[in-house]
Amino acid sequence: MRAADRQNETVVRRIFDAFSRRDPFALRGLFAPDAVWTVPGDGVMAGVYRGPDAIFRFLARLPKETDGTYRSQLVDVLASESRAAALYRASGTRRGRALDLDQVLLFRLADGAVQDVLALPSDPSAFEEFWAR
């Protein structure tokens, strides 16, 4: 594995670790100033979040929207020189609905910083139902 591959894998693992520990300060420096995080769909969490501050606010909303039940358990990370894919299990409860599905985050990274993230749920219908407004 090349150094850039290892670096990108480490960045992705650090993001999941910080989120699981609910430590937003550990995310500082992992996102480029113009980073973009995209969540497809029409639910309350859908949108395009631009810049680290908007991304951090988005990530902070996940536990708030689920009364602290939202979890993302990292399963695996595949990384290359400029890309990474994280497979994880998302779970939680919200408004009497349960979420328990695999998701993939596709990352584009440069110089050890996240440039873009695209969230892809394995079951878009269940994802939409869970996050419905």
# chains A, B, ... in the order shown; residues from 1 in each chain; ligands from 1

call {"tool": "residues_around", "arguments": {"residues": "Arg89 (chain A)", "least_positions_apart": "2", "cutoff": "7 Å", "atoms": "only C-alpha atoms", "output": "ChimeraX atom specification"}}
result
/A:72-74,91,100-103

call {"tool": "residues_around", "arguments": {"residues": "Ala110 (chain A)", "least_positions_apart": "2", "cutoff": "9 Å", "atoms": "only C-alpha atoms", "output": "JSON, numbers by chain"}}
result
{"A": [4, 8, 32, 81, 82, 83, 108, 112, 113, 114, 115]}

call {"tool": "write_last_selection", "arguments": {"atoms": "N, CA and C atoms", "output": "JSON list (two decimals), in the first residue's frame"}}
result
[["chain", "number", "residue", "atom", "x", "y", "z"],
["A", 4, "ALA", "N", 0.14, 7.49, 0.27],
["A", 4, "ALA", "CA", -1.09, 8.27, 0.09],
["A", 4, "ALA", "C", -2.32, 7.41, 0.37],
["A", 8, "ASN", "N", -5.00, 8.31, 3.31],
["A", 8, "ASN", "CA", -6.43, 8.49, 3.06],
["A", 8, "ASN", "C", -7.27, 7.53, 3.90],
["A", 32, "ALA", "N", -10.95, 19.90, 3.77],
["A", 32, "ALA", "CA", -10.46, 21.07, 3.05],
["A", 32, "ALA", "C", -11.42, 22.23, 3.27],
["A", 81, "GLU", "N", -4.87, 6.57, -3.92],
["A", 81, "GLU", "CA", -4.12, 7.81, -3.82],
["A", 81, "GLU", "C", -5.01, 9.04, -3.68],
["A", 82, "SER", "N", -6.21, 9.03, -4.29],
["A", 82, "SER", "CA", -7.07, 10.21, -4.23],
["A", 82, "SER", "C", -8.52, 9.90, -3.84],
["A", 83, "ARG", "N", -8.81, 8.64, -3.57],
["A", 83, "ARG", "CA", -10.18, 8.24, -3.26],
["A", 83, "ARG", "C", -10.21, 7.29, -2.07],
["A", 108, "ARG", "N", -13.36, 11.85, -1.89],
["A", 108, "ARG", "CA", -12.25, 12.31, -2.73],
["A", 108, "ARG", "C", -11.37, 13.12, -1.79],
["A", 112, "GLY", "N", -4.18, 14.76, 2.23],
["A", 112, "GLY", "CA", -4.64, 14.36, 3.56],
["A", 112, "GLY", "C", -5.90, 15.04, 4.04],
["A", 113, "ALA", "N", -6.61, 15.72, 3.14],
["A", 113, "ALA", "CA", -7.84, 16.41, 3.52],
["A", 113, "ALA", "C", -8.99, 15.97, 2.62],
["A", 114, "VAL", "N", -10.17, 15.85, 3.20],
["A", 114, "VAL", "CA", -11.36, 15.47, 2.45],
["A", 114, "VAL", "C", -11.80, 16.64, 1.58],
["A", 115, "GLN", "N", -12.01, 16.33, 0.30],
["A", 115, "GLN", "CA", -12.50, 17.32, -0.65],
["A", 115, "GLN", "C", -14.02, 17.17, -0.87]]

call {"tool": "residues_around", "arguments": {"residues": "Leu118 (chain A)", "least_positions_apart": "2", "cutoff": "9 Å", "atoms": "only C-alpha atoms", "output": "mmCIF file with C-alpha atoms, in the first residue's frame"}}
result
data_model
loop_
_atom_site.group_PDB
_atom_site.id
_atom_site.type_symbol
_atom_site.label_atom_id
_atom_site.label_comp_id
_atom_site.auth_asym_id
_atom_site.auth_seq_id
_atom_site.Cartn_x
_atom_site.Cartn_y
_atom_site.Cartn_z
ATOM 1 C CA VAL A 36 -18.511 19.318 0.128
ATOM 2 C CA TRP A 37 -20.627 16.552 1.731
ATOM 3 C CA THR A 38 -23.651 15.456 -0.314
ATOM 4 C CA VAL A 39 -26.595 13.469 1.027
ATOM 5 C CA PRO A 40 -29.096 12.592 -1.712
ATOM 6 C CA VAL A 104 -21.195 3.698 1.637
ATOM 7 C CA LEU A 105 -19.435 7.023 1.785
ATOM 8 C CA LEU A 106 -17.371 7.849 -1.289
ATOM 9 C CA PHE A 107 -14.529 10.251 -0.506
ATOM 10 C CA ASP A 116 -15.848 15.617 -1.356
ATOM 11 C CA LEU A 120 -24.980 6.181 -0.730
#

call {"tool": "select_by_dssp", "arguments": {"residues": "region 53-130 of chain A", "states": "helix (DSSP H, G or I)", "output": "list in words"}}
result
Asp53, Ala54, Ile55, Phe56, Arg57, Phe58, Leu59, Ala60, Arg61, Leu62, Pro63, Lys64, Glu65, Pro124, Ser125, Ala126, Phe127, Glu128, Glu129 and Phe130 of chain A

call {"tool": "write_last_selection", "arguments": {"atoms": "C-alpha atoms", "output": "mmCIF file, in the first residue's frame"}}
result
data_model
loop_
_atom_site.group_PDB
_atom_site.id
_atom_site.type_symbol
_atom_site.label_atom_id
_atom_site.label_comp_id
_atom_site.auth_asym_id
_atom_site.auth_seq_id
_atom_site.Cartn_x
_atom_site.Cartn_y
_atom_site.Cartn_z
ATOM 1 C CA ASP A 53 -18.494 24.354 9.452
ATOM 2 C CA ALA A 54 -21.578 23.275 7.476
ATOM 3 C CA ILE A 55 -20.336 19.667 7.471
ATOM 4 C CA PHE A 56 -19.774 19.739 11.237
ATOM 5 C CA ARG A 57 -23.285 21.165 11.787
ATOM 6 C CA PHE A 58 -24.699 18.382 9.584
ATOM 7 C CA LEU A 59 -22.849 15.679 11.526
ATOM 8 C CA ALA A 60 -23.969 17.205 14.839
ATOM 9 C CA ARG A 61 -27.610 17.053 13.704
ATOM 10 C CA LEU A 62 -27.546 13.264 13.229
ATOM 11 C CA PRO A 63 -27.690 12.443 16.967
ATOM 12 C CA LYS A 64 -30.049 15.354 17.621
ATOM 13 C CA GLU A 65 -32.552 14.143 15.008
ATOM 14 C CA PRO A 124 -32.631 4.322 -0.635
ATOM 15 C CA SER A 125 -36.341 3.756 0.101
ATOM 16 C CA ALA A 126 -35.696 2.771 3.727
ATOM 17 C CA PHE A 127 -33.267 5.677 4.064
ATOM 18 C CA GLU A 128 -35.859 8.136 2.729
ATOM 19 C CA GLU A 129 -38.581 6.737 4.979
ATOM 20 C CA PHE A 130 -36.384 7.047 8.064
#

call {"tool": "closest_residue", "arguments": {"among": "A:Tyr49, A:Arg133, A:Arg71, A:Ser80", "to": "Arg21 (chain A)", "atoms": "only C-alpha atoms"}}
result
A:Arg71

call {"tool": "atom_distance", "arguments": {"atom1": "CA of Ala18 (chain A)", "atom2": "CA of Met45 (chain A)"}}
result
19.5 Å

call {"tool": "select_by_dssp", "arguments": {"residues": "region 30-102 of chain A", "states": "strand (DSSP E or B)", "output": "VMD selection string"}}
result
chain A and resid 31 to 39 47 to 50 71 to 79 83 to 94 97 to 102

call {"tool": "write_last_selection", "arguments": {"atoms": "N, CA, C and O atoms", "output": "short mmCIF file (atom, residue, chain, number, x, y, z; two decimals), in the first residue's frame"}}
result
data_model
loop_
_atom_site.label_atom_id
_atom_site.label_comp_id
_atom_site.auth_asym_id
_atom_site.auth_seq_id
_atom_site.Cartn_x
_atom_site.Cartn_y
_atom_site.Cartn_z
N PHE A 31 -10.87 18.20 6.87
CA PHE A 31 -11.65 18.64 5.71
C PHE A 31 -11.02 19.87 5.09
O PHE A 31 -10.62 20.80 5.80
N ALA A 32 -10.95 19.90 3.77
CA ALA A 32 -10.46 21.07 3.05
C ALA A 32 -11.42 22.23 3.27
O ALA A 32 -12.61 22.02 3.53
N PRO A 33 -10.94 23.47 3.17
CA PRO A 33 -11.81 24.63 3.37
C PRO A 33 -13.03 24.64 2.44
O PRO A 33 -14.07 25.17 2.79
N ASP A 34 -12.88 24.06 1.25
CA ASP A 34 -14.00 24.03 0.29
C ASP A 34 -14.62 22.64 0.17
O ASP A 34 -15.25 22.32 -0.84
N ALA A 35 -14.48 21.82 1.19
CA ALA A 35 -15.03 20.46 1.17
C ALA A 35 -16.55 20.50 1.00
O ALA A 35 -17.21 21.44 1.45
N VAL A 36 -17.07 19.45 0.37
CA VAL A 36 -18.51 19.32 0.13
C VAL A 36 -18.94 17.92 0.55
O VAL A 36 -18.30 16.93 0.18
N TRP A 37 -20.04 17.84 1.32
CA TRP A 37 -20.63 16.55 1.73
C TRP A 37 -22.04 16.53 1.17
O TRP A 37 -22.85 17.40 1.49
N THR A 38 -22.35 15.54 0.34
CA THR A 38 -23.65 15.46 -0.31
C THR A 38 -24.43 14.25 0.19
O THR A 38 -23.92 13.13 0.19
N VAL A 39 -25.66 14.51 0.62
CA VAL A 39 -26.59 13.47 1.03
C VAL A 39 -27.78 13.56 0.08
O VAL A 39 -28.51 14.55 0.09
N GLY A 47 -29.08 17.06 1.44
CA GLY A 47 -28.57 18.37 1.06
C GLY A 47 -27.12 18.31 0.66
O GLY A 47 -26.48 17.26 0.67
N VAL A 48 -26.63 19.47 0.30
CA VAL A 48 -25.22 19.64 -0.05
C VAL A 48 -24.64 20.59 1.00
O VAL A 48 -25.07 21.74 1.11
N TYR A 49 -23.70 20.09 1.76
CA TYR A 49 -23.10 20.84 2.85
C TYR A 49 -21.71 21.30 2.41
O TYR A 49 -20.86 20.47 2.11
N ARG A 50 -21.53 22.61 2.37
CA ARG A 50 -20.29 23.18 1.83
C ARG A 50 -19.45 23.81 2.93
O ARG A 50 -19.93 24.67 3.66
N ARG A 71 -26.08 5.65 15.13
CA ARG A 71 -24.75 5.04 15.20
C ARG A 71 -24.27 4.72 13.78
O ARG A 71 -25.07 4.38 12.92
N SER A 72 -22.98 4.82 13.59
CA SER A 72 -22.37 4.40 12.32
C SER A 72 -21.18 3.52 12.66
O SER A 72 -20.17 4.01 13.17
N GLN A 73 -21.34 2.25 12.41
CA GLN A 73 -20.29 1.27 12.73
C GLN A 73 -19.49 0.97 11.46
O GLN A 73 -20.00 0.36 10.52
N LEU A 74 -18.26 1.41 11.46
CA LEU A 74 -17.39 1.21 10.30
C LEU A 74 -17.11 -0.27 10.10
O LEU A 74 -16.73 -0.97 11.03
N VAL A 75 -17.31 -0.74 8.86
CA VAL A 75 -17.06 -2.13 8.51
C VAL A 75 -15.71 -2.25 7.80
O VAL A 75 -14.89 -3.10 8.14
N ASP A 76 -15.47 -1.37 6.82
CA ASP A 76 -14.24 -1.48 6.05
C ASP A 76 -13.97 -0.17 5.30
O ASP A 76 -14.90 0.60 5.03
N VAL A 77 -12.71 0.04 4.97
CA VAL A 77 -12.29 1.19 4.19
C VAL A 77 -11.41 0.70 3.05
O VAL A 77 -10.48 -0.08 3.27
N LEU A 78 -11.71 1.16 1.86
CA LEU A 78 -10.86 0.91 0.69
C LEU A 78 -10.31 2.27 0.28
O LEU A 78 -11.08 3.22 0.14
N ALA A 79 -9.00 2.37 0.10
CA ALA A 79 -8.41 3.67 -0.20
C ALA A 79 -7.39 3.57 -1.33
O ALA A 79 -6.72 2.55 -1.49
N ARG A 83 -8.81 8.64 -3.57
CA ARG A 83 -10.18 8.24 -3.26
C ARG A 83 -10.21 7.29 -2.07
O ARG A 83 -9.23 6.63 -1.75
N ALA A 84 -11.41 7.20 -1.46
CA ALA A 84 -11.64 6.20 -0.43
C ALA A 84 -13.13 5.89 -0.42
O ALA A 84 -13.96 6.73 -0.79
N ALA A 85 -13.44 4.67 -0.03
CA ALA A 85 -14.82 4.25 0.16
C ALA A 85 -14.92 3.62 1.54
O ALA A 85 -14.11 2.77 1.90
N ALA A 86 -15.90 4.06 2.30
CA ALA A 86 -16.12 3.52 3.64
C ALA A 86 -17.47 2.80 3.65
O ALA A 86 -18.50 3.40 3.35
N LEU A 87 -17.43 1.53 3.98
CA LEU A 87 -18.66 0.75 4.16
C LEU A 87 -18.95 0.75 5.65
O LEU A 87 -18.08 0.44 6.47
N TYR A 88 -20.18 1.12 6.02
CA TYR A 88 -20.54 1.15 7.43
C TYR A 88 -22.00 0.76 7.61
O TYR A 88 -22.78 0.78 6.67
N ARG A 89 -22.33 0.41 8.85
CA ARG A 89 -23.69 0.05 9.22
C ARG A 89 -24.28 1.24 9.96
O ARG A 89 -23.74 1.67 10.99
N ALA A 90 -25.36 1.81 9.42
CA ALA A 90 -26.04 2.94 10.05
C ALA A 90 -27.26 2.42 10.78
O ALA A 90 -28.01 1.60 10.24
N SER A 91 -27.45 2.89 12.01
CA SER A 91 -28.62 2.46 12.77
C SER A 91 -29.08 3.60 13.67
O SER A 91 -28.32 4.51 13.99
N GLY A 92 -30.34 3.51 14.05
CA GLY A 92 -30.90 4.50 14.95
C GLY A 92 -32.41 4.41 14.92
O GLY A 92 -32.99 3.64 14.16
N THR A 93 -33.04 5.23 15.75
CA THR A 93 -34.49 5.34 15.75
C THR A 93 -34.86 6.81 15.67
O THR A 93 -34.13 7.69 16.16
N ARG A 94 -36.01 7.05 15.03
CA ARG A 94 -36.48 8.41 14.84
C ARG A 94 -37.98 8.39 14.58
O ARG A 94 -38.43 7.71 13.66
N ARG A 97 -39.62 5.17 13.93
CA ARG A 97 -39.06 4.40 12.81
C ARG A 97 -37.65 3.97 13.15
O ARG A 97 -36.94 4.68 13.86
N ALA A 98 -37.26 2.81 12.63
CA ALA A 98 -35.91 2.29 12.88
C ALA A 98 -35.11 2.27 11.59
O ALA A 98 -35.66 2.00 10.51
N LEU A 99 -33.84 2.53 11.72
CA LEU A 99 -32.90 2.46 10.60
C LEU A 99 -31.84 1.43 10.96
O LEU A 99 -31.30 1.44 12.07
N ASP A 100 -31.55 0.54 10.05
CA ASP A 100 -30.49 -0.45 10.23
C ASP A 100 -30.10 -0.94 8.85
O ASP A 100 -30.70 -1.90 8.32
N LEU A 101 -29.15 -0.26 8.24
CA LEU A 101 -28.75 -0.62 6.88
C LEU A 101 -27.31 -0.27 6.61
O LEU A 101 -26.70 0.54 7.31
N ASP A 102 -26.78 -0.92 5.58
CA ASP A 102 -25.42 -0.61 5.12
C ASP A 102 -25.45 0.67 4.30
O ASP A 102 -26.42 0.92 3.56
#

call {"tool": "closest_residue", "arguments": {"among": "A:Gly96, A:Pro52, A:Thr69, A:Asp111", "to": "Pro24 (chain A)", "atoms": "only C-alpha atoms"}}
result
A:Pro52

call {"tool": "atom_distance", "arguments": {"atom1": "CA of Val44 (chain A)", "atom2": "CA of Trp131 (chain A)"}}
result
5.7 Å

call {"tool": "atom_distance", "arguments": {"atom1": "CA of Gly41 (chain A)", "atom2": "CA of Asp123 (chain A)"}}
result
11.9 Å
